[in-house]
Amino acid sequence: MSDTRDNDTPQARLTPEQYRVTQQHGTEPPFSGEYNDFKGDGTFRCVCCGEPLFDSRDKYDSGSGWPSFTAPADPQAVGESFDESLGMRRTEVHCRRCAAHLGHVFPDGPAPTGLRYCINSAALDFHSRDD
């Protein structure tokens, strides 16, 4: 049998973990993602479509085990929806361009926004400001 998947589908382009997180609304284990302790200067983009999502200047260590940001790089870059999958109501964050699941936003972050965008590393692709 031949593989009939289109090479431009998310499943063909992404690693199994990236696909599970972004397309199946998965979550990587805490403290396991490559960007949790990452300190680079630049932009975090959607791993699926390349949309700029978060700036490293808004990244902070929340202690949660996932990369955390106080705000998106552009408020129009991310969308929100309610997630009640674990018996609690959370606000899911997704890429507005391609609808990839990114993580969740919580109202317990630092100033100036008071928000904590808790994002899966598997949903992100880092681009250095020097590039």
# chains A, B, ... in the order shown; residues from 1 in each chain; ligands from 1
call {"tool": "residues_around", "arguments": {"residues": "stretch 74-82 of chain A", "least_positions_apart": "5", "cutoff": "12 Å", "atoms": "only C-alpha atoms", "output": "PDB file with N, CA and C atoms, in the first residue's frame"}}
result
ATOM      1  N   THR A  43      11.643  35.849  18.401  1.00  0.00           N
ATOM      2  CA  THR A  43      10.206  35.639  18.273  1.00  0.00           C
ATOM      3  C   THR A  43       9.882  34.148  18.245  1.00  0.00           C
ATOM      4  N   PHE A  44       8.839  33.786  18.949  1.00  0.00           N
ATOM      5  CA  PHE A  44       8.329  32.426  18.917  1.00  0.00           C
ATOM      6  C   PHE A  44       7.181  32.390  17.917  1.00  0.00           C
ATOM      7  N   ARG A  45       7.297  31.519  16.916  1.00  0.00           N
ATOM      8  CA  ARG A  45       6.306  31.425  15.853  1.00  0.00           C
ATOM      9  C   ARG A  45       5.545  30.113  15.937  1.00  0.00           C
ATOM     10  N   CYS A  46       4.402  30.079  15.294  1.00  0.00           N
ATOM     11  CA  CYS A  46       3.604  28.858  15.228  1.00  0.00           C
ATOM     12  C   CYS A  46       4.379  27.807  14.442  1.00  0.00           C
ATOM     13  N   CYS A  49       2.326  27.110  10.934  1.00  0.00           N
ATOM     14  CA  CYS A  49       2.174  28.071   9.835  1.00  0.00           C
ATOM     15  C   CYS A  49       3.187  29.206   9.838  1.00  0.00           C
ATOM     16  N   GLY A  50       3.995  29.345  10.882  1.00  0.00           N
ATOM     17  CA  GLY A  50       5.017  30.388  10.928  1.00  0.00           C
ATOM     18  C   GLY A  50       4.550  31.738  11.433  1.00  0.00           C
ATOM     19  N   GLU A  51       3.293  31.854  11.845  1.00  0.00           N
ATOM     20  CA  GLU A  51       2.767  33.124  12.350  1.00  0.00           C
ATOM     21  C   GLU A  51       3.539  33.543  13.612  1.00  0.00           C
ATOM     22  N   PRO A  52       4.035  34.802  13.676  1.00  0.00           N
ATOM     23  CA  PRO A  52       4.673  35.281  14.910  1.00  0.00           C
ATOM     24  C   PRO A  52       3.646  35.328  16.043  1.00  0.00           C
ATOM     25  N   LEU A  53       3.930  34.649  17.153  1.00  0.00           N
ATOM     26  CA  LEU A  53       2.972  34.545  18.248  1.00  0.00           C
ATOM     27  C   LEU A  53       3.404  35.264  19.516  1.00  0.00           C
ATOM     28  N   PHE A  54       4.643  35.044  19.944  1.00  0.00           N
ATOM     29  CA  PHE A  54       5.118  35.605  21.205  1.00  0.00           C
ATOM     30  C   PHE A  54       6.536  36.142  21.040  1.00  0.00           C
ATOM     31  N   ASP A  55       6.843  37.196  21.774  1.00  0.00           N
ATOM     32  CA  ASP A  55       8.168  37.805  21.765  1.00  0.00           C
ATOM     33  C   ASP A  55       8.903  37.373  23.030  1.00  0.00           C
ATOM     34  N   ASP A  58       8.565  39.155  26.393  1.00  0.00           N
ATOM     35  CA  ASP A  58       7.378  38.934  27.227  1.00  0.00           C
ATOM     36  C   ASP A  58       7.388  37.567  27.901  1.00  0.00           C
ATOM     37  N   GLY A  87     -12.630  18.607  33.243  1.00  0.00           N
ATOM     38  CA  GLY A  87     -13.566  18.833  34.323  1.00  0.00           C
ATOM     39  C   GLY A  87     -13.448  20.201  34.953  1.00  0.00           C
ATOM     40  N   MET A  88     -12.705  21.099  34.305  1.00  0.00           N
ATOM     41  CA  MET A  88     -12.588  22.476  34.770  1.00  0.00           C
ATOM     42  C   MET A  88     -12.683  23.379  33.548  1.00  0.00           C
ATOM     43  N   ARG A  89     -13.042  24.608  33.753  1.00  0.00           N
ATOM     44  CA  ARG A  89     -13.156  25.547  32.639  1.00  0.00           C
ATOM     45  C   ARG A  89     -11.862  26.349  32.528  1.00  0.00           C
ATOM     46  N   ARG A  90     -11.198  26.179  31.388  1.00  0.00           N
ATOM     47  CA  ARG A  90      -9.960  26.912  31.111  1.00  0.00           C
ATOM     48  C   ARG A  90     -10.124  27.640  29.787  1.00  0.00           C
ATOM     49  N   THR A  91      -9.255  28.608  29.563  1.00  0.00           N
ATOM     50  CA  THR A  91      -9.271  29.331  28.297  1.00  0.00           C
ATOM     51  C   THR A  91      -8.140  28.817  27.430  1.00  0.00           C
ATOM     52  N   GLU A  92      -8.490  28.138  26.358  1.00  0.00           N
ATOM     53  CA  GLU A  92      -7.517  27.611  25.407  1.00  0.00           C
ATOM     54  C   GLU A  92      -7.035  28.732  24.495  1.00  0.00           C
ATOM     55  N   VAL A  93      -5.766  28.652  24.103  1.00  0.00           N
ATOM     56  CA  VAL A  93      -5.178  29.613  23.173  1.00  0.00           C
ATOM     57  C   VAL A  93      -4.789  28.859  21.910  1.00  0.00           C
ATOM     58  N   HIS A  94      -5.137  29.424  20.756  1.00  0.00           N
ATOM     59  CA  HIS A  94      -4.778  28.806  19.480  1.00  0.00           C
ATOM     60  C   HIS A  94      -4.274  29.863  18.504  1.00  0.00           C
ATOM     61  N   CYS A  95      -3.529  29.421  17.515  1.00  0.00           N
ATOM     62  CA  CYS A  95      -3.043  30.307  16.466  1.00  0.00           C
ATOM     63  C   CYS A  95      -4.257  30.775  15.655  1.00  0.00           C
ATOM     64  N   ARG A  96      -4.374  32.070  15.520  1.00  0.00           N
ATOM     65  CA  ARG A  96      -5.534  32.588  14.805  1.00  0.00           C
ATOM     66  C   ARG A  96      -5.447  32.290  13.312  1.00  0.00           C
ATOM     67  N   ARG A  97      -4.241  32.167  12.778  1.00  0.00           N
ATOM     68  CA  ARG A  97      -4.088  31.906  11.343  1.00  0.00           C
ATOM     69  C   ARG A  97      -4.472  30.478  10.971  1.00  0.00           C
ATOM     70  N   CYS A  98      -3.985  29.491  11.733  1.00  0.00           N
ATOM     71  CA  CYS A  98      -4.190  28.093  11.328  1.00  0.00           C
ATOM     72  C   CYS A  98      -4.949  27.247  12.348  1.00  0.00           C
ATOM     73  N   ALA A  99      -5.320  27.834  13.481  1.00  0.00           N
ATOM     74  CA  ALA A  99      -6.086  27.171  14.543  1.00  0.00           C
ATOM     75  C   ALA A  99      -5.307  26.118  15.322  1.00  0.00           C
ATOM     76  N   ALA A 100      -3.983  26.089  15.212  1.00  0.00           N
ATOM     77  CA  ALA A 100      -3.185  25.135  15.989  1.00  0.00           C
ATOM     78  C   ALA A 100      -3.341  25.410  17.482  1.00  0.00           C
ATOM     79  N   HIS A 101      -3.532  24.350  18.259  1.00  0.00           N
ATOM     80  CA  HIS A 101      -3.607  24.472  19.718  1.00  0.00           C
ATOM     81  C   HIS A 101      -2.225  24.847  20.236  1.00  0.00           C
ATOM     82  N   LEU A 102      -2.176  25.886  21.089  1.00  0.00           N
ATOM     83  CA  LEU A 102      -0.909  26.355  21.651  1.00  0.00           C
ATOM     84  C   LEU A 102      -0.780  26.031  23.133  1.00  0.00           C
ATOM     85  N   GLY A 103      -1.845  26.212  23.871  1.00  0.00           N
ATOM     86  CA  GLY A 103      -1.828  26.026  25.320  1.00  0.00           C
ATOM     87  C   GLY A 103      -3.033  26.712  25.922  1.00  0.00           C
ATOM     88  N   HIS A 104      -2.824  27.371  27.079  1.00  0.00           N
ATOM     89  CA  HIS A 104      -3.918  28.035  27.787  1.00  0.00           C
ATOM     90  C   HIS A 104      -3.441  29.369  28.350  1.00  0.00           C
ATOM     91  N   VAL A 105      -4.389  30.242  28.655  1.00  0.00           N
ATOM     92  CA  VAL A 105      -4.075  31.515  29.305  1.00  0.00           C
ATOM     93  C   VAL A 105      -4.806  31.552  30.641  1.00  0.00           C
ATOM     94  N   PHE A 106      -4.100  32.028  31.658  1.00  0.00           N
ATOM     95  CA  PHE A 106      -4.637  32.075  33.020  1.00  0.00           C
ATOM     96  C   PHE A 106      -4.512  33.497  33.567  1.00  0.00           C
ATOM     97  N   TYR A 117       0.239  33.290  29.697  1.00  0.00           N
ATOM     98  CA  TYR A 117       0.042  32.443  28.520  1.00  0.00           C
ATOM     99  C   TYR A 117       0.976  31.260  28.690  1.00  0.00           C
ATOM    100  N   ILE A 119       2.271  28.016  27.312  1.00  0.00           N
ATOM    101  CA  ILE A 119       2.321  27.522  25.938  1.00  0.00           C
ATOM    102  C   ILE A 119       3.212  26.282  25.832  1.00  0.00           C
TER     103      ILE A 119
END
call {"tool": "select_by_dssp", "arguments": {"residues": "chain A", "states": "alpha helix (DSSP H)", "output": "list in words"}}
result
Pro10, Gln11, Ala12, Arg13, Pro16, Glu17, Gln18, Tyr19, Arg20, Val21, Thr22 and Gln23 of chain A
call {"tool": "closest_residue", "arguments": {"among": "A:Pro72, A:Gly65, A:Asp130, A:Thr113", "to": "A:Asn36", "atoms": "only C-alpha atoms"}}
result
A:Gly65
call {"tool": "residues_around", "arguments": {"residues": "A:Val21", "least_positions_apart": "3", "cutoff": "7 Å", "atoms": "only C-alpha atoms", "output": "ChimeraX atom specification"}}
result
/A:17-18,24-27,101,122-123
call {"tool": "write_last_selection", "arguments": {"atoms": "C-alpha atoms", "output": "mmCIF file, in the first residue's frame"}}
result
data_model
loop_
_atom_site.group_PDB
_atom_site.id
_atom_site.type_symbol
_atom_site.label_atom_id
_atom_site.label_comp_id
_atom_site.auth_asym_id
_atom_site.auth_seq_id
_atom_site.Cartn_x
_atom_site.Cartn_y
_atom_site.Cartn_z
ATOM 1 C CA GLU A 17 4.631 15.284 19.349
ATOM 2 C CA GLN A 18 4.021 18.546 17.462
ATOM 3 C CA GLN A 24 -5.134 16.931 18.817
ATOM 4 C CA HIS A 25 -5.080 19.504 21.647
ATOM 5 C CA GLY A 26 -2.419 17.644 23.580
ATOM 6 C CA THR A 27 -0.138 18.910 26.329
ATOM 7 C CA HIS A 101 -3.607 24.472 19.718
ATOM 8 C CA ALA A 122 5.992 21.683 20.743
ATOM 9 C CA ALA A 123 3.690 24.365 19.291
#
call {"tool": "residues_around", "arguments": {"residues": "A:Gly33", "least_positions_apart": "2", "cutoff": "9 Å", "atoms": "only C-alpha atoms", "output": "ChimeraX atom specification"}}
result
/A:28-31,35-37,65-67,120-122
call {"tool": "closest_residue", "arguments": {"among": "A:Ser56, A:Gln11, A:Gln23, A:Ser64", "to": "A:Arg116", "atoms": "only C-alpha atoms"}}
result
A:Ser64
call {"tool": "atom_distance", "arguments": {"atom1": "atom CA of A:Ser128", "atom2": "atom CA of A:Asp41"}}
result
5.8 Å
call {"tool": "select_by_dssp", "arguments": {"residues": "chain A", "states": "strand (DSSP E)", "output": "PyMOL selection string"}}
result
chain A and resi 42-46+52-55+59-60+68-69+78-83+90-95+101-106+116-119+124-128
call {"tool": "atom_distance", "arguments": {"atom1": "atom CA of A:Cys48", "atom2": "atom CA of A:Ser62"}}
result
25.1 Å
call {"tool": "atom_distance", "arguments": {"atom1": "atom CA of A:Glu34", "atom2": "atom CA of A:Asp125"}}
result
10.1 Å
